[in-house]
Structures are given as C-alpha cells and as structure tokens.
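Shown next: entry_25.txt, containing compact mmCIF, C-alpha atoms.
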```txt
# COMPACT_ATOMS: atom_id res chain seq x y z
CA MET V 1 93.08 47.53 198.81
CA LYS V 2 91.39 50.84 197.98
CA GLN V 3 88.93 49.11 195.65
CA THR V 4 87.99 46.65 198.40
CA SER V 5 87.15 49.49 200.79
CA ARG V 6 84.93 51.15 198.21
CA SER V 7 83.17 47.88 197.43
CA PHE V 8 82.58 47.25 201.12
CA ALA V 9 81.19 50.76 201.60
CA ALA V 10 78.84 50.33 198.64
CA VAL V 11 77.58 46.96 199.90
CA ALA V 12 77.10 48.39 203.42
CA ALA V 13 75.15 51.37 202.06
CA LEU V 14 72.90 49.15 199.94
CA SER V 15 72.32 46.81 202.88
CA ALA V 16 71.36 49.75 205.09
CA CYS V 17 68.84 50.86 202.46
CA LEU V 18 67.18 47.45 202.52
CA VAL V 19 67.04 47.28 206.30
CA THR V 20 65.89 50.85 206.93
CA PRO V 21 63.01 51.84 204.70
CA SER V 22 62.32 55.52 204.36
CA CYS V 23 59.09 55.43 206.28
CA ILE V 24 58.30 58.05 208.84
CA GLY V 25 56.72 56.27 211.72
CA PRO V 26 55.09 57.37 214.95
CA ASP V 27 58.32 57.30 217.04
CA ASN V 28 56.46 55.73 219.97
CA LEU V 29 59.57 55.07 222.06
CA TYR V 30 60.86 58.64 221.76
CA ARG V 31 57.42 60.10 222.43
CA GLY V 32 57.02 57.78 225.42
CA VAL V 33 60.27 59.01 226.96
CA SER V 34 59.20 62.59 226.29
CA ALA V 35 55.75 62.08 227.83
CA TRP V 36 57.30 60.43 230.90
CA ASN V 37 59.78 63.29 231.24
CA SER V 38 56.96 65.85 231.21
CA LYS V 39 55.23 64.14 234.14
CA VAL V 40 58.19 63.46 236.44
CA SER V 41 57.70 66.60 238.48
CA ASP V 42 55.33 69.54 238.79
CA SER V 43 58.34 71.84 238.47
CA LYS V 44 59.25 72.76 234.91
CA TYR V 45 62.81 73.41 236.09
CA VAL V 46 63.25 69.86 237.40
CA ASN V 47 61.81 68.48 234.17
CA GLU V 48 64.19 70.63 232.12
CA ILE V 49 67.22 69.47 234.13
CA LEU V 50 66.10 65.87 233.65
CA PHE V 51 65.55 66.53 229.94
CA LEU V 52 69.12 67.80 229.59
CA GLY V 53 70.44 64.87 231.64
CA LEU V 54 68.61 62.39 229.42
CA HIS V 55 70.31 63.98 226.41
CA ILE V 56 73.74 63.87 228.06
CA LEU V 57 73.24 60.21 229.02
CA PRO V 58 72.02 59.56 225.46
CA VAL V 59 68.55 58.27 226.41
CA TYR V 60 66.74 60.53 223.94
CA PRO V 61 69.22 59.88 221.09
CA ILE V 62 69.13 56.10 221.67
CA ALA V 63 65.32 56.17 221.74
CA MET V 64 65.27 58.09 218.46
CA VAL V 65 67.75 55.77 216.76
CA GLY V 66 65.86 52.74 218.08
CA ASP V 67 62.64 54.13 216.69
CA ARG V 68 64.05 55.04 213.31
CA LEU V 69 66.14 51.91 212.71
CA VAL V 70 64.18 49.21 214.54
CA PHE V 71 60.64 49.90 215.66
CA ASN V 72 59.42 52.04 212.75
CA SER V 73 60.99 49.53 210.34
CA ILE V 74 59.19 46.67 212.10
CA GLU V 75 55.93 48.60 211.79
CA PHE V 76 56.60 49.25 208.11
CA TRP V 77 57.33 45.61 207.27
CA TRP V 78 54.93 43.80 209.62
CA GLY V 79 52.20 46.41 210.13
CA LYS V 80 52.37 46.62 213.92
CA ASN V 81 54.74 48.61 216.12
CA PRO V 82 55.99 46.57 219.11
CA ILE V 83 56.02 49.76 221.22
CA GLY V 84 52.49 50.76 222.17
CA LYS V 85 51.21 54.27 221.61
CA PRO V 86 52.35 56.45 224.54
CA GLU V 87 50.22 58.88 226.45
CA GLU V 88 49.95 62.31 224.93
CA PHE V 89 52.74 64.75 225.76
CA LYS V 90 51.36 67.67 227.75
CA PRO V 91 53.71 70.60 228.21
CA GLN V 92 53.51 72.38 231.52
CA GLU V 93 51.68 75.65 231.67
CA THR V 94 53.87 78.70 231.92
CA GLU V 95 53.15 81.12 234.69
CA SER V 96 51.40 84.22 233.44
CA LYS V 97 51.96 87.45 235.31
```

Structure encoded using structure tokens:
Amino acid sequence: MKQTSRSFAAVAALSACLVTPSCIGPDNLYRGVSAWNSKVSDSKYVNEILFLGLHILPVYPIAMVGDRLVFNSIEFWWGKNPIGKPEEFKPQETESK
C-alpha cells in the first residue's frame, strides 16, 4: 500500500512537470485584476480595502494560479496568450505635504 502511494505521488509530480513548464509569462490576468483595482476609485483607501477584499475572496490568488498553470502555459506551448495585455497599472499619487 505504501509503495502504491509513492508511485502515485511520483507519477503525479512528473505529470505536473509536463503540464506546467517553467516559463515565466506576463501574468496578464493577474495584472488585469490589479490594473482594474487601481482604477475603481479615486480614493486610495477604497482601493486598498477592495485589494484586501479581493485577497480574502481569493480573486488575486485564483488569478495568479490561473496565469501560472493555464494561461502562461498556453502561451509557452502555442505562442499566444488567450488573455490580452491589460492596461498599465498606475499607482495613485500619494499626497505630499
């Protein structure tokens, strides 16, 4: 029984290596969520609360996993990312006193 579990773990690890190449892609989905979050409100406090909420409701983590496991892999194997390039993230200016 113990040998079967080890064999299954080895096969699963090798399969994951074939499906997820070690390519660092553009993370378009994650950057798109981040760019959208930066433009929701003119208030940096509202954007920060939304940012934290999107981490609690795992939007940011799901976007990152989707990018790393699916969309960047598709771009690696087929040459084109199905998620278009998002607008550039522009952090809000801090008030200078």

- [ ] Rank nothing, just name the residue among V:Ser34, V:Ser5, V:Asn72, V:Ser41 nearest to V:His55, using only C-alpha atoms.
- [x] V:Ser34

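Note that the spacing between atom CA of V:Ile56 and atom CA of V:Val70 amounts to 22.1 Å.
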
TODO: Compile the contact shell of V:Phe71 as a PyMOL selection string: residues with an atom at most 8 Å away, counting only C-alpha atoms, same-chain residues fewer than 4 positions apart removed.
DONE: chain V and resi 27+66-67+75+81-83

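One distance worth recording is that between atom CA of V:Phe8 and atom CA of V:Ile62, which is 26.1 Å.
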
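In this structure, atom CA of V:Gly25 sits 7.9 Å away from atom CA of V:Phe76.
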
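Among the candidate residues V:Pro86, V:Pro61, V:Gly79, V:Gly53, the one lying nearest to V:Ala35 is V:Pro86, with distances computed using all atoms listed in the file.
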
Task: Test item: residues at most 12 Å from V:Trp36, only C-alpha atoms, excluding those fewer than 4 positions along its chain, as a PyMOL selection string - done: chain V and resi 28-32+40-41+47+50-51+54+60+86-91
